[in-house]
Amino acid sequence: MRPLVSENSRIEGSVGAASISDSESQPLSALFPSEDDRRRREQFLGAALAAAQARIVEGSVTPTVDPSSIRDELLRFDFAASRPFEELITWVIARMEDGIVHFTHPRYLGLFNPAPAFPAECADRIAGVFNPQLATASTSPTAVEIERHTILAVGQRAGLSGDVGGHFTTGGSEANYTALLCALTRACGRFAAEGARAFAGPPVFYVSRESHLAWLKIAHQAGIGRMAARMIATDGNGRMRPDSLAQSIERDRAQGNVPVMIVATAGTTGAGAIDPLIACGEIARDADVWYHVDAAWGGALIASDRLRHRLAGIERADSITIDAHKWFATTMGCGMFITTQASLLPEVFGVSASFMPPSSAHTFDPYTSSAQWSRRFLGLRLFLALASSGWAGYAAHVERAVALAGVLQHALASRGWRIVNDPALAVICAEPPAGAGSVMEIVGRVLASGRAWVSAAKFEGRDVVRACITNGKTTRRDIMAAVDALEAACRRA
């Protein structure tokens with residue numbers, strides 16, 4: 001019998017054949033170059049990046065380009081025709097050099113954006129080449145097991161016990177979102193199916209007023225509304241007040257609301273403050289609510305035997321967030337959600353899909369226990385860095401940052417600045433000397449100079465200059481150069 005072949009099928013087949021015969025065309029070879037071309041281009045890229053990094057260290061920390069000029073240049077890229085690889089790489093690197101704040105600069109004393117460790121950079125390259133799909137263990141058993149092993153190791157180092165598990169996330173917000181979903185699910189078994197309407201009253205949770213305001217977005221995302229985030233008063237030093245926390249829980253229950261979670265922050269963004277972890281944990285236990293510690297920044301202290309006592313009480317948490325792309329210095333973004341109740345995760349995220357490979361009792365399929373489905377091999381970044389340096393290497397890293405923060409604290413104090421926070425996590429909040437001008441003016445002048453990067457912030461209602469030691473290559477000389485830039489900005493008042 002003659003097969004039924006439509007005219008459209010003949011046309012499609014003809015087009016396909018033509019495409020295959022043209023496989024050596026320039027546009028396709030740009031996407032999938034020969035091995036010789038690939039090696040040549042990789043060498044070109046490596047040399048160009050190394051040269052750029054050398055220039056960045058000696059140049060401005062802040063952008064020097066006018067955004068309108070970038071928009072004008074981008075108009076030339078209409079993608080109608082291909083361009084030489086070397087030309088494109090040269091343009092992109094040049095524009096990155098003058099068009100971003102350089103978080104990798106040793107005088108970047110800004111937010112929690114460290115320069116990445118070299119093993120983490122290598123991990124990104126490896127993950128990019130192999131490009132594994134981490135939804136299931138059957139497709140990427142090695143990658144899934146590397147991540148699982150690393151999560152368990154970090155959880156053990158933090159002192160967690162019980163049914164420990166978790167996963168890597170795109171960042172702290174996803175990890176914290178996971179904590180809220182776990183808390184809601186444990187508080188009411190019908191939440192997974194029915195949402196917030198399953199509760200007898202409005203569900204609420206508690207964070208300090210100095211916590212990361214991503215919690216408001218998380219509450220919105222979870223469907224319980226931003227008003228569900230109770231912002232608890234702090235003690236004047238940026239730490240949540242246990243008495244205010246207990247009173248808020250009691251008041252909510254009297255009003256018919258349903259408390260589901262307490263969040264203690266170990267390293268607030270504004271000042272690096274650590275909430276009273278032990279006290280918060282005791283209140284959570286007495287109230288029978290989920291206890292989460294957001295240690296996105298400060299969690300790296302678990303590496304240091306000398307400093308980890310500052311996180312005493314973290315081991316009592318039902319879950320913790322740690323961002324590897326912060327003080328663990330991996331590339332962006334690489335968060336971790338770790339819990340002592342891992343068996344709850346499939347109840348929160350479990351789903352059955354016919355197109356996915358079947359799971360077994362002996363495998364761990366991340367798509368059934370995390371918010372993401374398809375995702376990048378994030379955990380290799382921390383695995384390689386930890387395996388290369390050991391906990392001792394990271395201990396030296398965080399201890400050095402804290403010591404340099406002490407240098408900055410002393411240098412500013414000796415020049416009339418007032419340090420208003422506890423710099424336990426390498427964050428300095430300082431008020432300028434009288435007559436030096438406003439914080440916004442001083443910070444603006446420093447950034448305009450390009451000599452350093454600091455930020456203006458609010459701490460307990462006061463305007464402060466905020467500086468944080470984030471870069472593993474920052475030296476005492478860099479600290480003093482930043483102090484000089486601050487002093488010069490004050491003199492211009």
# chains A, B, ... in the order shown; residues from 1 in each chain; ligands from 1

$ residues_around --residues "Gly162 of chain A" --least-positions-apart "3" --cutoff "12 Å" --atoms "only C-alpha atoms" --output "compact mmCIF listing (two decimals) with C-alpha atoms, in the first residue's frame"
# COMPACT_ATOMS: atom_id res chain seq x y z
CA LEU A 152 23.12 17.50 54.04
CA GLY A 155 22.70 21.15 57.45
CA GLN A 156 24.89 18.94 59.62
CA GLY A 159 23.72 21.52 63.85
CA GLY A 165 16.94 17.59 53.64
CA GLU A 315 20.09 24.30 65.33
CA ARG A 316 16.56 24.60 66.81
CA ALA A 317 15.07 25.74 63.51
CA ASP A 318 12.59 23.74 61.49
CA SER A 319 14.24 25.26 58.43
CA ILE A 338 17.43 23.21 54.49
CA THR A 339 14.83 21.67 56.79
CA THR A 340 14.61 19.13 59.59
CA GLN A 341 11.26 17.97 58.20
CA ALA A 342 12.23 16.93 54.68
CA SER A 343 9.38 14.43 54.42

$ select_by_dssp --residues "segment 28-105 of chain A" --states "helix (DSSP H, G or I)" --output "compact mmCIF listing (two decimals) with N, CA and C atoms, in the first residue's frame"
# COMPACT_ATOMS: atom_id res chain seq x y z
N LEU A 28 24.95 28.93 11.56
CA LEU A 28 24.90 27.72 12.38
C LEU A 28 26.25 27.43 13.01
N SER A 29 27.34 27.65 12.31
CA SER A 29 28.65 27.39 12.88
C SER A 29 28.98 28.36 14.00
N ALA A 30 28.32 29.52 14.04
CA ALA A 30 28.50 30.43 15.16
C ALA A 30 27.90 29.84 16.43
N LEU A 31 26.80 29.11 16.29
CA LEU A 31 26.18 28.47 17.45
C LEU A 31 26.90 27.19 17.86
N GLU A 35 35.55 22.07 16.73
CA GLU A 35 36.36 21.98 17.95
C GLU A 35 37.54 22.96 17.91
N ASP A 36 38.16 23.12 16.74
CA ASP A 36 39.28 24.06 16.63
C ASP A 36 38.80 25.49 16.87
N ASP A 37 37.67 25.86 16.27
CA ASP A 37 37.14 27.21 16.46
C ASP A 37 36.72 27.43 17.92
N ARG A 38 36.15 26.40 18.50
CA ARG A 38 35.72 26.52 19.90
C ARG A 38 36.92 26.79 20.81
N ARG A 39 37.98 26.02 20.64
CA ARG A 39 39.18 26.23 21.48
C ARG A 39 39.75 27.61 21.27
N ARG A 40 39.77 28.07 20.03
CA ARG A 40 40.31 29.41 19.75
C ARG A 40 39.45 30.48 20.42
N ARG A 41 38.15 30.33 20.34
CA ARG A 41 37.26 31.33 20.93
C ARG A 41 37.32 31.31 22.46
N GLU A 42 37.46 30.12 23.03
CA GLU A 42 37.59 30.04 24.48
C GLU A 42 38.87 30.71 24.95
N GLN A 43 39.95 30.51 24.21
CA GLN A 43 41.21 31.17 24.57
C GLN A 43 41.08 32.69 24.46
N PHE A 44 40.41 33.14 23.42
CA PHE A 44 40.20 34.58 23.25
C PHE A 44 39.39 35.13 24.42
N LEU A 45 38.31 34.44 24.78
CA LEU A 45 37.46 34.89 25.87
C LEU A 45 38.22 34.91 27.19
N GLY A 46 38.97 33.84 27.46
CA GLY A 46 39.73 33.78 28.70
C GLY A 46 40.73 34.92 28.83
N ALA A 47 41.45 35.20 27.75
CA ALA A 47 42.43 36.28 27.78
C ALA A 47 41.75 37.64 27.94
N ALA A 48 40.62 37.82 27.27
CA ALA A 48 39.91 39.10 27.34
C ALA A 48 39.37 39.33 28.75
N LEU A 49 38.85 38.29 29.37
CA LEU A 49 38.31 38.43 30.73
C LEU A 49 39.42 38.71 31.74
N ALA A 50 40.55 38.03 31.59
CA ALA A 50 41.68 38.26 32.50
C ALA A 50 42.18 39.70 32.40
N ALA A 51 42.27 40.21 31.18
CA ALA A 51 42.72 41.59 30.99
C ALA A 51 41.72 42.57 31.59
N ALA A 52 40.43 42.27 31.43
CA ALA A 52 39.41 43.15 31.98
C ALA A 52 39.46 43.18 33.50
N GLN A 53 39.63 42.02 34.12
CA GLN A 53 39.71 41.97 35.58
C GLN A 53 40.89 42.78 36.11
N ALA A 54 41.98 42.73 35.40
CA ALA A 54 43.15 43.51 35.82
C ALA A 54 42.86 45.01 35.74
N ARG A 55 42.13 45.42 34.71
CA ARG A 55 41.78 46.85 34.59
C ARG A 55 40.76 47.27 35.63
N ILE A 56 39.81 46.39 35.93
CA ILE A 56 38.75 46.72 36.88
C ILE A 56 39.33 47.04 38.26
N VAL A 57 40.27 46.25 38.72
CA VAL A 57 40.86 46.46 40.04
C VAL A 57 41.49 47.84 40.16
N GLU A 58 42.01 48.36 39.08
CA GLU A 58 42.67 49.67 39.09
C GLU A 58 41.74 50.80 38.71
N PRO A 67 23.67 55.54 30.43
CA PRO A 67 22.76 54.50 29.91
C PRO A 67 22.21 54.81 28.52
N SER A 68 22.02 56.09 28.21
CA SER A 68 21.48 56.42 26.89
C SER A 68 22.45 56.02 25.78
N SER A 69 23.75 56.09 26.07
CA SER A 69 24.72 55.69 25.04
C SER A 69 24.67 54.19 24.80
N ILE A 70 24.40 53.42 25.85
CA ILE A 70 24.24 51.97 25.67
C ILE A 70 23.01 51.68 24.80
N ARG A 71 21.93 52.38 25.08
CA ARG A 71 20.72 52.18 24.26
C ARG A 71 21.00 52.51 22.80
N ASP A 72 21.75 53.58 22.56
CA ASP A 72 22.07 53.96 21.18
C ASP A 72 22.92 52.88 20.50
N GLU A 73 23.91 52.37 21.23
CA GLU A 73 24.77 51.34 20.64
C GLU A 73 23.99 50.06 20.37
N LEU A 74 23.05 49.72 21.24
CA LEU A 74 22.28 48.49 21.07
C LEU A 74 21.38 48.55 19.84
N PHE A 85 32.48 36.68 16.32
CA PHE A 85 32.50 36.37 17.75
C PHE A 85 33.41 37.31 18.53
N GLU A 86 34.63 37.50 18.03
CA GLU A 86 35.60 38.33 18.75
C GLU A 86 35.11 39.77 18.89
N GLU A 87 34.46 40.27 17.85
CA GLU A 87 33.92 41.63 17.91
C GLU A 87 32.85 41.75 18.99
N LEU A 88 31.98 40.75 19.07
CA LEU A 88 30.91 40.77 20.06
C LEU A 88 31.46 40.67 21.48
N ILE A 89 32.40 39.76 21.68
CA ILE A 89 32.99 39.58 23.02
C ILE A 89 33.69 40.86 23.46
N THR A 90 34.42 41.46 22.57
CA THR A 90 35.13 42.70 22.89
C THR A 90 34.15 43.80 23.28
N TRP A 91 33.04 43.91 22.55
CA TRP A 91 32.05 44.95 22.86
C TRP A 91 31.40 44.70 24.21
N VAL A 92 30.97 43.46 24.46
CA VAL A 92 30.27 43.15 25.71
C VAL A 92 31.18 43.39 26.91
N ILE A 93 32.42 42.93 26.85
CA ILE A 93 33.34 43.11 27.97
C ILE A 93 33.61 44.59 28.21
N ALA A 94 33.80 45.34 27.15
CA ALA A 94 34.05 46.78 27.30
C ALA A 94 32.87 47.47 27.97
N ARG A 95 31.67 47.12 27.56
CA ARG A 95 30.49 47.75 28.14
C ARG A 95 30.25 47.28 29.57
N MET A 96 30.59 46.05 29.89
CA MET A 96 30.49 45.59 31.28
C MET A 96 31.50 46.32 32.16
N GLU A 97 32.66 46.59 31.61
CA GLU A 97 33.68 47.30 32.39
C GLU A 97 33.20 48.67 32.82
N ASP A 98 32.56 49.39 31.93
CA ASP A 98 32.17 50.75 32.29
C ASP A 98 30.69 50.89 32.59
N GLY A 99 29.95 49.77 32.59
CA GLY A 99 28.50 49.87 32.71
C GLY A 99 27.86 49.16 33.88

$ residues_around --residues "Leu111 of chain A" --least-positions-apart "5" --cutoff "9 Å" --atoms "only C-alpha atoms" --output "PyMOL selection string"
chain A and resi 103+269-270+454-455+466-470

$ write_last_selection --atoms "N, CA and C atoms" --output "PDB file, in the first residue's frame"
ATOM      1  N   PHE A 103      31.008  44.519  41.658  1.00  0.00           N
ATOM      2  CA  PHE A 103      30.954  43.778  42.913  1.00  0.00           C
ATOM      3  C   PHE A 103      32.252  43.022  43.165  1.00  0.00           C
ATOM      4  N   THR A 269      19.828  42.786  56.428  1.00  0.00           N
ATOM      5  CA  THR A 269      20.475  43.459  55.307  1.00  0.00           C
ATOM      6  C   THR A 269      21.013  44.818  55.704  1.00  0.00           C
ATOM      7  N   GLY A 270      20.256  45.534  56.528  1.00  0.00           N
ATOM      8  CA  GLY A 270      20.679  46.882  56.877  1.00  0.00           C
ATOM      9  C   GLY A 270      21.895  46.946  57.757  1.00  0.00           C
ATOM     10  N   VAL A 454      29.920  52.413  48.835  1.00  0.00           N
ATOM     11  CA  VAL A 454      29.215  52.231  50.096  1.00  0.00           C
ATOM     12  C   VAL A 454      27.765  52.607  49.842  1.00  0.00           C
ATOM     13  N   SER A 455      26.905  52.390  50.828  1.00  0.00           N
ATOM     14  CA  SER A 455      25.495  52.695  50.608  1.00  0.00           C
ATOM     15  C   SER A 455      24.942  53.542  51.739  1.00  0.00           C
ATOM     16  N   ARG A 466      26.439  52.699  55.266  1.00  0.00           N
ATOM     17  CA  ARG A 466      26.585  51.258  55.474  1.00  0.00           C
ATOM     18  C   ARG A 466      27.731  50.724  54.629  1.00  0.00           C
ATOM     19  N   ALA A 467      28.579  49.925  55.252  1.00  0.00           N
ATOM     20  CA  ALA A 467      29.683  49.290  54.529  1.00  0.00           C
ATOM     21  C   ALA A 467      29.794  47.847  54.997  1.00  0.00           C
ATOM     22  N   CYS A 468      30.039  46.959  54.063  1.00  0.00           N
ATOM     23  CA  CYS A 468      30.156  45.535  54.397  1.00  0.00           C
ATOM     24  C   CYS A 468      31.360  44.945  53.662  1.00  0.00           C
ATOM     25  N   ILE A 469      32.124  44.137  54.364  1.00  0.00           N
ATOM     26  CA  ILE A 469      33.287  43.481  53.749  1.00  0.00           C
ATOM     27  C   ILE A 469      32.793  42.215  53.065  1.00  0.00           C
ATOM     28  N   THR A 470      32.799  42.200  51.759  1.00  0.00           N
ATOM     29  CA  THR A 470      32.252  41.066  51.010  1.00  0.00           C
ATOM     30  C   THR A 470      33.293  40.336  50.158  1.00  0.00           C
TER      31      THR A 470
END

$ closest_atom_pairs --of "segment 228-337 of chain A" --to "segment 416-425 of chain A" --cutoff "7 Å" --atoms "only C-alpha atoms" --output "Markdown table"
| residue | atom | partner | partner_atom | distance |
| --- | --- | --- | --- | --- |
| A:Asn237 | CA | A:Asn421 | CA | 6.3 |
| A:Gly267 | CA | A:Leu425 | CA | 6.8 |
| A:Ala271 | CA | A:Asn421 | CA | 6.5 |
| A:Gly272 | CA | A:Leu425 | CA | 5.5 |
| A:Gly298 | CA | A:Leu425 | CA | 6.4 |

$ write_last_selection --atoms "C-alpha atoms" --output "PDB file, in the first residue's frame"
ATOM      1  CA  ASN A 237      20.136  47.391  68.010  1.00  0.00           C
ATOM      2  CA  GLY A 267      22.193  38.913  59.424  1.00  0.00           C
ATOM      3  CA  ALA A 271      23.039  46.190  59.760  1.00  0.00           C
ATOM      4  CA  GLY A 272      23.932  42.505  59.938  1.00  0.00           C
ATOM      5  CA  GLY A 298      25.159  35.185  58.389  1.00  0.00           C
TER       6      GLY A 298
END

$ residues_around --residues "Arg125 of chain A" --least-positions-apart "3" --cutoff "12 Å" --atoms "only C-alpha atoms" --output "number ranges by chain"
A: 42, 46, 118-122, 128-131, 331, 376-378, 380-381

$ write_last_selection --atoms "C-alpha atoms" --output "PDB file, in the first residue's frame"
ATOM      1  CA  GLU A  42      37.588  30.037  24.482  1.00  0.00           C
ATOM      2  CA  GLY A  46      39.730  33.781  28.704  1.00  0.00           C
ATOM      3  CA  PHE A 118      37.325  30.673  41.579  1.00  0.00           C
ATOM      4  CA  PRO A 119      35.976  27.110  42.047  1.00  0.00           C
ATOM      5  CA  ALA A 120      32.441  28.483  41.768  1.00  0.00           C
ATOM      6  CA  GLU A 121      33.324  30.192  38.496  1.00  0.00           C
ATOM      7  CA  CYS A 122      34.673  26.878  37.212  1.00  0.00           C
ATOM      8  CA  GLY A 128      27.134  25.161  31.169  1.00  0.00           C
ATOM      9  CA  VAL A 129      28.940  22.577  29.050  1.00  0.00           C
ATOM     10  CA  PHE A 130      27.132  19.483  30.378  1.00  0.00           C
ATOM     11  CA  ASN A 131      23.854  21.379  30.913  1.00  0.00           C
ATOM     12  CA  THR A 331      28.341  32.957  41.652  1.00  0.00           C
ATOM     13  CA  ARG A 376      20.456  24.692  36.459  1.00  0.00           C
ATOM     14  CA  PHE A 377      23.036  22.617  38.356  1.00  0.00           C
ATOM     15  CA  LEU A 378      23.466  25.249  41.075  1.00  0.00           C
ATOM     16  CA  LEU A 380      28.156  22.342  41.982  1.00  0.00           C
ATOM     17  CA  ARG A 381      29.324  25.872  42.784  1.00  0.00           C
TER      18      ARG A 381
END

$ closest_residue --among "A:Phe79, A:Ala222, A:Thr136, A:Arg209" --to "Lys458 of chain A" --atoms "only C-alpha atoms"
A:Arg209

$ residues_around --residues "Val483 of chain A" --least-positions-apart "2" --cutoff "8 Å" --atoms "only C-alpha atoms" --output "ChimeraX atom specification"
/A:408,411-412,479-481,485-487

$ residues_around --residues "Phe364 of chain A" --least-positions-apart "5" --cutoff "10 Å" --atoms "only C-alpha atoms" --output "number ranges by chain"
A: 135-138, 141, 144-145, 148, 359, 369

$ residues_around --residues "Glu399 of chain A" --least-positions-apart "2" --cutoff "9 Å" --atoms "only C-alpha atoms" --output "JSON, numbers by chain"
{"A": [301, 304, 306, 307, 394, 395, 396, 397, 401, 402, 403, 404]}

$ write_last_selection --atoms "N, CA and C atoms" --output "CSV table (one decimal), in the first residue's frame"
chain,number,residue,atom,x,y,z
A,301,LEU,N,28.8,31.8,59.0
A,301,LEU,CA,29.5,31.7,60.3
A,301,LEU,C,29.6,30.2,60.8
A,304,SER,N,33.1,28.7,60.9
A,304,SER,CA,34.1,29.1,61.8
A,304,SER,C,33.9,28.6,63.2
A,306,ARG,N,35.4,29.4,65.7
A,306,ARG,CA,35.7,30.6,66.6
A,306,ARG,C,34.5,31.5,66.7
A,307,LEU,N,33.7,31.6,65.6
A,307,LEU,CA,32.6,32.6,65.5
A,307,LEU,C,31.2,32.0,65.5
A,394,TYR,N,36.8,28.3,54.4
A,394,TYR,CA,35.7,29.2,54.6
A,394,TYR,C,35.8,29.9,56.0
A,395,ALA,N,36.2,29.2,57.0
A,395,ALA,CA,36.4,29.8,58.3
A,395,ALA,C,37.4,31.0,58.2
A,396,ALA,N,38.5,30.7,57.5
A,396,ALA,CA,39.5,31.8,57.3
A,396,ALA,C,38.9,33.0,56.5
A,397,HIS,N,38.0,32.7,55.6
A,397,HIS,CA,37.4,33.7,54.8
A,397,HIS,C,36.5,34.6,55.6
A,401,ALA,N,37.1,38.6,57.0
A,401,ALA,CA,36.1,39.7,56.7
A,401,ALA,C,35.7,40.4,58.0
A,402,VAL,N,35.5,39.7,59.1
A,402,VAL,CA,35.1,40.3,60.4
A,402,VAL,C,36.3,41.1,60.9
A,403,ALA,N,37.5,40.6,60.7
A,403,ALA,CA,38.7,41.4,61.2
A,403,ALA,C,38.9,42.7,60.4
A,404,LEU,N,38.6,42.6,59.1
A,404,LEU,CA,38.7,43.8,58.3
A,404,LEU,C,37.6,44.8,58.7

$ closest_residue --among "A:Ala80, A:Ala300, A:Val164, A:Leu180" --to "Gln221 of chain A" --atoms "only C-alpha atoms"
A:Leu180

$ closest_atom_pairs --of "segment 137-211 of chain A" --to "segment 241-255 of chain A" --cutoff "10 Å" --atoms "only C-alpha atoms" --output "tab-separated table"
residue	atom	partner	partner_atom	distance
A:Gly201	CA	A:Gln255	CA	9.0
A:Pro202	CA	A:Asp252	CA	9.5
A:Pro203	CA	A:Asp252	CA	9.5
A:Val204	CA	A:Asp252	CA	8.2
A:Phe205	CA	A:Ile249	CA	8.8
A:Tyr206	CA	A:Leu245	CA	7.4
A:Val207	CA	A:Leu245	CA	8.7
A:Ser208	CA	A:Arg241	CA	8.1

$ write_last_selection --atoms "C-alpha atoms" --output "short mmCIF file (atom, residue, chain, number, x, y, z; two decimals), in the first residue's frame"
data_model
loop_
_atom_site.label_atom_id
_atom_site.label_comp_id
_atom_site.auth_asym_id
_atom_site.auth_seq_id
_atom_site.Cartn_x
_atom_site.Cartn_y
_atom_site.Cartn_z
CA GLY A 201 -8.92 32.40 60.32
CA PRO A 202 -6.38 34.51 58.42
CA PRO A 203 -2.91 32.87 58.61
CA VAL A 204 -0.12 35.18 59.81
CA PHE A 205 3.62 34.96 60.42
CA TYR A 206 6.21 37.05 62.23
CA VAL A 207 9.43 38.78 61.17
CA SER A 208 11.34 41.71 62.61
#

$ atom_distance --atom1 "atom CA of Leu384 of chain A" --atom2 "atom CA of Ile274 of chain A"
28.7 Å

$ select_by_dssp --residues "segment 328-443 of chain A" --states "strand (DSSP E)" --output "PyMOL selection string"
chain A and resi 335-339+418-419+427-431

$ write_last_selection --atoms "N, CA and C atoms" --output "PDB file, in the first residue's frame"
ATOM      1  N   GLY A 335      20.958  29.915  46.318  1.00  0.00           N
ATOM      2  CA  GLY A 335      20.470  29.840  47.681  1.00  0.00           C
ATOM      3  C   GLY A 335      20.301  28.395  48.123  1.00  0.00           C
ATOM      4  N   MET A 336      20.023  28.227  49.420  1.00  0.00           N
ATOM      5  CA  MET A 336      19.757  26.898  49.966  1.00  0.00           C
ATOM      6  C   MET A 336      18.576  26.953  50.923  1.00  0.00           C
ATOM      7  N   PHE A 337      17.688  25.996  50.794  1.00  0.00           N
ATOM      8  CA  PHE A 337      16.642  25.759  51.787  1.00  0.00           C
ATOM      9  C   PHE A 337      16.954  24.421  52.432  1.00  0.00           C
ATOM     10  N   ILE A 338      17.104  24.432  53.751  1.00  0.00           N
ATOM     11  CA  ILE A 338      17.428  23.208  54.491  1.00  0.00           C
ATOM     12  C   ILE A 338      16.433  23.075  55.632  1.00  0.00           C
ATOM     13  N   THR A 339      15.866  21.881  55.785  1.00  0.00           N
ATOM     14  CA  THR A 339      14.835  21.671  56.793  1.00  0.00           C
ATOM     15  C   THR A 339      15.098  20.394  57.575  1.00  0.00           C
ATOM     16  N   ARG A 418      30.532  57.790  64.268  1.00  0.00           N
ATOM     17  CA  ARG A 418      29.912  57.023  65.349  1.00  0.00           C
ATOM     18  C   ARG A 418      29.374  55.713  64.793  1.00  0.00           C
ATOM     19  N   ILE A 419      29.909  54.599  65.269  1.00  0.00           N
ATOM     20  CA  ILE A 419      29.440  53.284  64.844  1.00  0.00           C
ATOM     21  C   ILE A 419      28.206  52.937  65.674  1.00  0.00           C
ATOM     22  N   VAL A 427      29.406  43.949  58.971  1.00  0.00           N
ATOM     23  CA  VAL A 427      28.629  45.071  58.472  1.00  0.00           C
ATOM     24  C   VAL A 427      28.821  46.253  59.420  1.00  0.00           C
ATOM     25  N   ILE A 428      29.160  47.415  58.859  1.00  0.00           N
ATOM     26  CA  ILE A 428      29.363  48.630  59.637  1.00  0.00           C
ATOM     27  C   ILE A 428      28.293  49.645  59.262  1.00  0.00           C
ATOM     28  N   CYS A 429      27.592  50.163  60.272  1.00  0.00           N
ATOM     29  CA  CYS A 429      26.667  51.282  60.080  1.00  0.00           C
ATOM     30  C   CYS A 429      27.220  52.458  60.884  1.00  0.00           C
ATOM     31  N   ALA A 430      27.492  53.574  60.209  1.00  0.00           N
ATOM     32  CA  ALA A 430      28.174  54.689  60.867  1.00  0.00           C
ATOM     33  C   ALA A 430      27.489  56.010  60.546  1.00  0.00           C
ATOM     34  N   GLU A 431      27.423  56.862  61.569  1.00  0.00           N
ATOM     35  CA  GLU A 431      26.952  58.223  61.392  1.00  0.00           C
ATOM     36  C   GLU A 431      28.142  59.141  61.217  1.00  0.00           C
TER      37      GLU A 431
END

$ atom_distance --atom1 "atom CA of Ala183 of chain A" --atom2 "atom CA of Asp288 of chain A"
10.7 Å

$ closest_residue --among "A:Gly223, A:Gly472, A:Gly166, A:Pro276" --to "Val293 of chain A" --atoms "only C-alpha atoms"
A:Pro276

$ atom_distance --atom1 "atom CA of Val398 of chain A" --atom2 "atom CA of Ala179 of chain A"
26.1 Å

$ closest_residue --among "A:Ala371, A:Ile224, A:Val446, A:Ile314" --to "Arg492 of chain A" --atoms "only C-alpha atoms"
A:Val446
